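Trainee: Can you read through this structure? Questions will come right after.
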Amino acid sequence: MNLSIEFLGTGTSSGVPAIGCDCAVCQSPDVRDQRLRASVLFRIDETTILVDTSPDLRQQALRSRFRHLDAVLFTHAHADHTAGLDELRAFNGMQQEHIPIWATEATGKELQGRFAYAFANAFSRYGVAPDLTLHTITGPFDVGPVRVTPLPIMHGWLPILGFRIGNVAYMTDLKTIPDETRPLLEDLDVLVITALSQGPHPAHLTLQEALDEVSRIGAKRTYLTHISHGLGLYAEVSPRLPNDVFLAVDGLTVESTIPVSTGGM
């Protein structure tokens with residue numbers, strides 16, 4: 001199976017540029033320094049999986065031009081990862097069906113509270129509002145022929161999820177990796193991991209902390225995401241990274257050449 005991961009957004013909760021900021025990164029004319037809120041799209045042969053519905057989902061979907069979703073996975077319930085949920089109604093309209101979403105029990109309850117109308121089946125036709133079917137993540141699960149492995153991680157004090165599909169792992173909003181999760185990160189072709197800034201943060205990895213994790217995990221290639229203006233200019237940071245580590249940018253698509261694990265494993 002062929003797998004690709006498209007970076008729909010690579011920014012932190014404020015995006016880059018940040019409102020009201022005059023720093024060099026926020027004023028940079030380099031498009032690589034302009035970042036929508038974090039989200040990715042997995043394409044595995046004919047299966048398309050969205051991870052998180054950022055507040056910028058409409059803009060991201062228009063740029064990427066994807067027209068179909070087989071599932072939406074949620075890492076956690078923070079607004080920069082969920083506030084674009086209403087945009088899913090466009091896909092209900094195009095697909096003429098409910099869209100399955102996957103989340104932990106806690107995240108699912110928060111989504112049902114904030115977006116109750118998306119689970120109410122209140123309209124007689126698709127596309128008026130999101131029509132979603134909630135599935136609770138309790139372990140590995142399948143989206144069609146594709147096996148998805150949840151990766152329990154810590155966002156400061158908050159337990160959240162990353163996801164592994166085939167030999168690609170996506171972990172955003174990460175501060176610490178529990179010991180029980182580390183075996184799930186072996187033999188990766190591609191690792192995607194948070195690198196928020198140069199300075200310390202209680203809930204996100206700094207650049208150096210991210211590089212320490214990259215070295216420990218040992219993926220063939222690593223892409224840094226969930227980046228704030230505090231990381232620095234792309235043109236200055238990128239050349240200083242190890243040869244197998246890259247700053248992700250919005251719109252980047254990365255291919256995996258290793259076959260994807262399928263359901264039943």
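Going by the structure tokens order, chains are called A, B, ..., each with residues numbered from 1, while ligands are numbered from 1 in the order shown.
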Report as a ChimeraX atom specification: the residues of stretch 82-152 of chain A with a DSSP assignment of helix (DSSP H, G or I), based on the backbone of this structure.
Mentor: /A:82,85-95,105-114,116-119
Trainee: What are the nearest atom pairs, with distances in Å to one decimal, for all residues of stretch 130-192 of chain A that come at most 10 Å from stretch 6-27 of chain A, using only C-alpha atoms, set out by chain and rising residue number as CSV?
Mentor:
residue,atom,partner,partner_atom,distance
A:Thr172,CA,A:Thr12,CA,9.6
A:Asp173,CA,A:Thr12,CA,8.6
A:Val192,CA,A:Phe7,CA,10.0
Trainee: What's around A:Ser124 at 12 Å? Count only C-alpha atoms, leave out sequence neighbours fewer than 6 positions away in its own chain, and write the answer as a list in words.
Mentor: Gly93, Gln96, Glu97 and Asp131 of chain A
Trainee: Go ahead and write the selection's residues with C-alpha atoms as a compact mmCIF listing (two decimals), in the first residue's frame.
Mentor:
# COMPACT_ATOMS: atom_id res chain seq x y z
CA GLY A 93 -22.69 17.07 1.35
CA GLN A 96 -23.96 11.96 1.05
CA GLU A 97 -23.19 9.97 4.16
CA ASP A 131 -23.35 14.57 10.42
Trainee: With distances taken over only C-alpha atoms, which residue among A:Leu211, A:Leu205, A:Leu134, A:Leu3 lies nearest A:Phe42?
Mentor: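 Counting only C-alpha atoms, the residue closest to A:Phe42 is A:Leu3.
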Trainee: I'd like the contact shell of A:Arg63 - 9 Å cut-off, only C-alpha atoms, skipping same-chain residues fewer than 4 positions apart - returned as an mmCIF file with C-alpha atoms, in the first residue's frame.
Mentor:
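Heads up, here's the output in result_17.cif:
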data_model
loop_
_atom_site.group_PDB
_atom_site.id
_atom_site.type_symbol
_atom_site.label_atom_id
_atom_site.label_comp_id
_atom_site.auth_asym_id
_atom_site.auth_seq_id
_atom_site.Cartn_x
_atom_site.Cartn_y
_atom_site.Cartn_z
ATOM 1 C CA LEU A 8 -2.257 20.885 6.037
ATOM 2 C CA ARG A 58 -11.646 25.479 5.196
ATOM 3 C CA GLN A 59 -8.510 27.209 3.897
ATOM 4 C CA GLY A 251 1.442 22.020 1.944
#
Trainee: Write out as a list in words which residues come within 12 Å of A:Val254 when counting only C-alpha atoms, dropping same-chain ones fewer than 6 positions away.
Mentor: Asn2, Leu3, Ser4, Ile5, Glu6, Phe7, Leu8, Val40, Leu41, Phe42, Arg43, Val168, Asp189, Val190, Leu191, Val192, Arg221, Thr222, Tyr223, Phe246 and Ala248 of chain A
Trainee: Mind the document's chain letters and residue numbers, and return as a PyMOL selection string the residues of stretch 146-199 of chain A that DSSP labels strand (DSSP E or B).
Mentor: chain A and resi 146-155+158-165+168-171+176+190-194+197
Trainee: When you look at stretch 53-55 of chain A with a cut-off of 8 Å (counting only C-alpha atoms), what residues show up, excluding the ones that are within fewer than 3 positions of it in the same chain? I need them as a list of chain:residue names.
Mentor: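 Neighbouring residues, sequence-local ones excluded: A:Arg37, A:Ala38, A:Ser39, A:Leu50, A:Arg58, A:Phe74, A:Ala79, A:Asp80, A:His81, A:Thr82, A:Ala83, A:Gly84, A:Leu85.
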Trainee: Find the nearest atom pair between each residue of stretch 53-80 of chain A and stretch 86-92 of chain A for residues within 8 Å, count only C-alpha atoms, give distances in Å to one decimal, sort rows by chain and ascending number, and present the table as CSV.
Mentor:
residue,atom,partner,partner_atom,distance
A:Leu57,CA,A:Glu87,CA,6.8
A:Arg58,CA,A:Glu87,CA,6.2
A:Arg67,CA,A:Phe91,CA,6.8
A:His68,CA,A:Phe91,CA,6.3
A:Leu69,CA,A:Phe91,CA,7.0
Trainee: Write a file of the just-selected residues containing N, CA and C atoms, as a CSV table (one decimal), in the first residue's frame.
Mentor:
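Listed below is the output, out.csv:
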chain,number,residue,atom,x,y,z
A,57,LEU,N,-9.4,24.8,8.7
A,57,LEU,CA,-9.7,23.6,7.9
A,57,LEU,C,-10.2,24.0,6.5
A,58,ARG,N,-11.1,25.0,6.5
A,58,ARG,CA,-11.6,25.5,5.2
A,58,ARG,C,-10.5,25.9,4.2
A,67,ARG,N,-11.4,15.9,-1.6
A,67,ARG,CA,-12.9,15.9,-1.7
A,67,ARG,C,-13.6,14.8,-0.9
A,68,HIS,N,-12.8,14.0,-0.3
A,68,HIS,CA,-13.4,12.8,0.4
A,68,HIS,C,-12.7,12.5,1.7
A,69,LEU,N,-13.4,12.1,2.7
A,69,LEU,CA,-12.8,11.7,4.0
A,69,LEU,C,-13.4,10.4,4.4
Trainee: Rounded to one decimal, what separation in Å do you get between atom CA of A:Ile193 and atom CA of A:Ser215?
Mentor: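 Taking atom CA of A:Ile193 and atom CA of A:Ser215, their separation equals 12.1 Å.
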Trainee: Applying 12 Å and only C-alpha atoms, which residues near A:Asp70 remain after dropping the ones on its own chain fewer than 6 positions away? List them as a ChimeraX atom specification.
Mentor: /A:41-51,88,91-92,95,97-102,132-133,142-146
Trainee: Between atom CA of A:Trp157 and atom CA of A:Ala106, what is the spacing in Å?
Mentor: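 Those two atoms sit 14.4 Å apart.
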Trainee: Between atom CA of A:Ser256 and atom CA of A:Asp33, measure the distance and give it in Å to one decimal.
Mentor: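 According to the coordinates, atom CA of A:Ser256 and atom CA of A:Asp33 are separated by 25.1 Å.
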Trainee: From the options A:Ala118, A:Ala77, A:Met1, A:Leu36, which residue's atoms come nearest to A:His155, counting only C-alpha atoms?
Mentor: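 Going through A:Ala118, A:Ala77, A:Met1, A:Leu36 one by one, the smallest distance to A:His155 is for A:Ala77.
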Trainee: Using only C-alpha atoms, can you tell me which of A:Val128, A:Pro150, A:Arg164, A:Gln208 comes closest to A:Asp187?
Mentor: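 Nearest to A:Asp187: A:Arg164.
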